[in-house]
Amino acid sequence: MSTLVQSTLQVGYDLLDRGLVPDFVLRRVIRLLLRQRLREINYGSFEANHAAKMSWIEGVRARTTIADVPEKANEQHYEVPTDFIISTLGPYAKYSSCLYPKGNETVAEAEVLMMQSYCEKAQLKDGQDILDLGCGWGSLSLFLAEASITYPNSKVVGLSNSSTQKVHIDSRAQAKGLTNLEIITADVNTFNFEGGRHFDRILSIEMFEHMKNYQMLLRKISTWLRLAKGENEALLFIHIFCHRTMPYHFESDDGWMAQNFFSGGTMASHDLFLYFQDDVTLLKSWYISGVNYSKSLEAWLALQDKNRTVGLKVLEEAMGPVEGRKTFNRFRVFYMACSELFNMDHGQQWGVGHYLFKAKN
């Protein structure tokens, strides 16, 4: 990249940080950049695209760690001041796609509808031991632990890489009087359950996007599934965002998004898990239109703007006036950019994949 281009981009990024680019201008630029991304991942033919995908998969398999920079996910997302993040999300603080089957649901309704769909697809039953792997701010963990009528005898464990997320979830659980929820802070790169602890169901919602070597990760997760057969067979359910055909990495020199929000991140293709079945077997998969994610992000953006005074106060007190305002503006751009991405071509370019696996015998 030339010095002139770098300088021009830096000026643009500075304007974004200061909140000086009008939304209508920003959205048009984002759409142009998304079209450019589609051109970059299209190698001209099905044959060439498939060869590129196979090469990408081999590169991922050759990596020596599950995730490259897990600390960056905390820095860029999960340990941003909790009260700020909560002010931009729905009642369950679901920081992943919600579900809008009619299109006019509130974000509160859409959060619950998506989590109910997880329960159905993962075939949850009362009495199961459930792991919420990459539990975020606890939306699914709390939702499952609260479901005392549906799952009164189930125990829920949430695993997060963020200590501040644990503090938040533990506080919410205590306020609700929940005794069937345990939150563990650990890095999935190195963590393993002591004493041979196993689960009947493992659900992972938008954690795999921060990972690289899916072979190593799925092998590790498969050892956490309880050995059983028939109706009691343990299952793994995964929710990811994805491109419909081509996987790619968020590279450090890849622009604003990779630098500020997805350092070390991965955009999977919808079919990617088909190539990582050494230790698990895919039973079923689903595709959910990206329009659902776009609506989620627009709802978060509206809440961020509505709660602007509170959000800015939290950030400025935690980070100082300059960094606080910069972070506030960056999240606005982040929500806007992701909304445009998932809304591209009516949600048929990028969307959400759901997958159900069992462990190999």
# chains A, B, ... in the order shown; residues from 1 in each chain; ligands from 1
call {"tool": "closest_atom_pairs", "arguments": {"of": "range 233-321 of chain A", "to": "range 132-153 of chain A", "cutoff": "12 Å", "atoms": "only C-alpha atoms", "output": "Markdown table"}}
result
| residue | atom | partner | partner_atom | distance |
| --- | --- | --- | --- | --- |
| A:Leu236 | CA | A:Leu133 | CA | 10.1 |
| A:Phe237 | CA | A:Asp132 | CA | 9.8 |
| A:Ile238 | CA | A:Leu133 | CA | 9.4 |
| A:His239 | CA | A:Leu133 | CA | 10.9 |
| A:Ile240 | CA | A:Gly134 | CA | 11.7 |
call {"tool": "closest_atom_pairs", "arguments": {"of": "range 54-156 of chain A", "to": "range 295-311 of chain A", "cutoff": "7 Å", "atoms": "only C-alpha atoms", "output": "CSV"}}
result
residue,atom,partner,partner_atom,distance
A:Phe84,CA,A:Gly311,CA,4.9
A:Ser87,CA,A:Asn307,CA,6.4
A:Thr88,CA,A:Gln304,CA,4.5
A:Leu89,CA,A:Trp300,CA,5.4
A:Ser97,CA,A:Ser296,CA,6.0
A:Cys98,CA,A:Ser296,CA,5.8
A:Val107,CA,A:Ala299,CA,6.5
call {"tool": "residues_around", "arguments": {"residues": "range 21-38 of chain A", "least_positions_apart": "2", "cutoff": "10 Å", "atoms": "only C-alpha atoms", "output": "list in words"}}
result
Gly12, Tyr13, Asp14, Leu15, Leu16, Asp17, Arg18, Gly19, Glu40, Ile41, Asn42, Tyr43, His243, Met246, Arg332, Val333, Met336, Ala337, Cys338, Ser339, Glu340, Leu341, Asn343, Met344 and Gln349 of chain A
call {"tool": "select_by_dssp", "arguments": {"residues": "range 240-317 of chain A", "states": "alpha helix (DSSP H)", "output": "ChimeraX atom specification"}}
result
/A:256-260,290-306,308-317
call {"tool": "residues_around", "arguments": {"residues": "Asn232 in chain A", "least_positions_apart": "4", "cutoff": "10 Å", "atoms": "only C-alpha atoms", "output": "PyMOL selection string"}}
result
chain A and resi 125+128+200+226-228
call {"tool": "closest_residue", "arguments": {"among": "A:Leu235, A:Ala67, A:Val352, A:Leu272", "to": "Lys121 in chain A", "atoms": "only C-alpha atoms"}}
result
A:Leu235
call {"tool": "residues_around", "arguments": {"residues": "His198 in chain A", "least_positions_apart": "6", "cutoff": "10 Å", "atoms": "only C-alpha atoms", "output": "ChimeraX atom specification"}}
result
/A:129-131,221-227,234
call {"tool": "decode", "arguments": {"residues": "range 15-67 of chain A", "atoms": "C-alpha atoms", "output": "PDB file, in the first residue's frame"}}
result
ATOM      1  CA  LEU A  15     -12.672  11.475  11.006  1.00  0.00           C
ATOM      2  CA  LEU A  16     -14.518   8.271  11.932  1.00  0.00           C
ATOM      3  CA  ASP A  17     -13.023   8.325  15.428  1.00  0.00           C
ATOM      4  CA  ARG A  18     -14.252  11.894  15.861  1.00  0.00           C
ATOM      5  CA  GLY A  19     -17.745  11.092  14.555  1.00  0.00           C
ATOM      6  CA  LEU A  20     -17.458  13.600  11.703  1.00  0.00           C
ATOM      7  CA  VAL A  21     -18.556  11.405   8.763  1.00  0.00           C
ATOM      8  CA  PRO A  22     -22.342  11.606   8.165  1.00  0.00           C
ATOM      9  CA  ASP A  23     -24.102   8.249   8.373  1.00  0.00           C
ATOM     10  CA  PHE A  24     -25.501   8.443   4.839  1.00  0.00           C
ATOM     11  CA  VAL A  25     -22.009   9.003   3.425  1.00  0.00           C
ATOM     12  CA  LEU A  26     -20.500   6.272   5.569  1.00  0.00           C
ATOM     13  CA  ARG A  27     -23.107   3.718   4.526  1.00  0.00           C
ATOM     14  CA  ARG A  28     -22.474   4.380   0.831  1.00  0.00           C
ATOM     15  CA  VAL A  29     -18.729   3.938   1.319  1.00  0.00           C
ATOM     16  CA  ILE A  30     -19.320   0.724   3.285  1.00  0.00           C
ATOM     17  CA  ARG A  31     -21.432  -0.724   0.462  1.00  0.00           C
ATOM     18  CA  LEU A  32     -18.710   0.085  -2.058  1.00  0.00           C
ATOM     19  CA  LEU A  33     -16.105  -1.612   0.136  1.00  0.00           C
ATOM     20  CA  LEU A  34     -18.332  -4.671   0.508  1.00  0.00           C
ATOM     21  CA  ARG A  35     -18.590  -4.975  -3.274  1.00  0.00           C
ATOM     22  CA  GLN A  36     -14.819  -4.749  -3.397  1.00  0.00           C
ATOM     23  CA  ARG A  37     -14.574  -7.576  -0.833  1.00  0.00           C
ATOM     24  CA  LEU A  38     -16.849  -9.742  -2.967  1.00  0.00           C
ATOM     25  CA  ARG A  39     -14.591  -9.148  -5.959  1.00  0.00           C
ATOM     26  CA  GLU A  40     -11.518 -10.028  -3.885  1.00  0.00           C
ATOM     27  CA  ILE A  41     -12.896 -13.418  -2.806  1.00  0.00           C
ATOM     28  CA  ASN A  42     -14.147 -14.318  -6.264  1.00  0.00           C
ATOM     29  CA  TYR A  43     -11.342 -15.975  -8.241  1.00  0.00           C
ATOM     30  CA  GLY A  44     -13.298 -16.061 -11.485  1.00  0.00           C
ATOM     31  CA  SER A  45     -14.685 -19.587 -11.671  1.00  0.00           C
ATOM     32  CA  PHE A  46     -16.046 -22.359  -9.473  1.00  0.00           C
ATOM     33  CA  GLU A  47     -12.861 -24.321 -10.098  1.00  0.00           C
ATOM     34  CA  ALA A  48     -10.624 -21.456  -8.994  1.00  0.00           C
ATOM     35  CA  ASN A  49     -12.805 -20.626  -5.995  1.00  0.00           C
ATOM     36  CA  HIS A  50     -12.776 -24.232  -4.832  1.00  0.00           C
ATOM     37  CA  ALA A  51      -9.006 -24.450  -5.188  1.00  0.00           C
ATOM     38  CA  ALA A  52      -8.624 -21.250  -3.160  1.00  0.00           C
ATOM     39  CA  LYS A  53     -10.917 -22.628  -0.465  1.00  0.00           C
ATOM     40  CA  MET A  54      -8.978 -25.898  -0.245  1.00  0.00           C
ATOM     41  CA  SER A  55      -5.725 -23.966   0.054  1.00  0.00           C
ATOM     42  CA  TRP A  56      -7.240 -21.799   2.804  1.00  0.00           C
ATOM     43  CA  ILE A  57      -8.402 -24.905   4.703  1.00  0.00           C
ATOM     44  CA  GLU A  58      -4.970 -26.511   4.492  1.00  0.00           C
ATOM     45  CA  GLY A  59      -3.464 -23.339   5.872  1.00  0.00           C
ATOM     46  CA  VAL A  60      -5.859 -23.378   8.800  1.00  0.00           C
ATOM     47  CA  ARG A  61      -5.115 -27.037   9.533  1.00  0.00           C
ATOM     48  CA  ALA A  62      -1.380 -26.274   9.625  1.00  0.00           C
ATOM     49  CA  ARG A  63      -1.705 -23.678  12.394  1.00  0.00           C
ATOM     50  CA  THR A  64      -0.256 -24.675  15.737  1.00  0.00           C
ATOM     51  CA  THR A  65      -2.759 -22.876  17.959  1.00  0.00           C
ATOM     52  CA  ILE A  66      -6.559 -22.836  18.106  1.00  0.00           C
ATOM     53  CA  ALA A  67      -6.702 -19.018  18.145  1.00  0.00           C
TER      54      ALA A  67
END
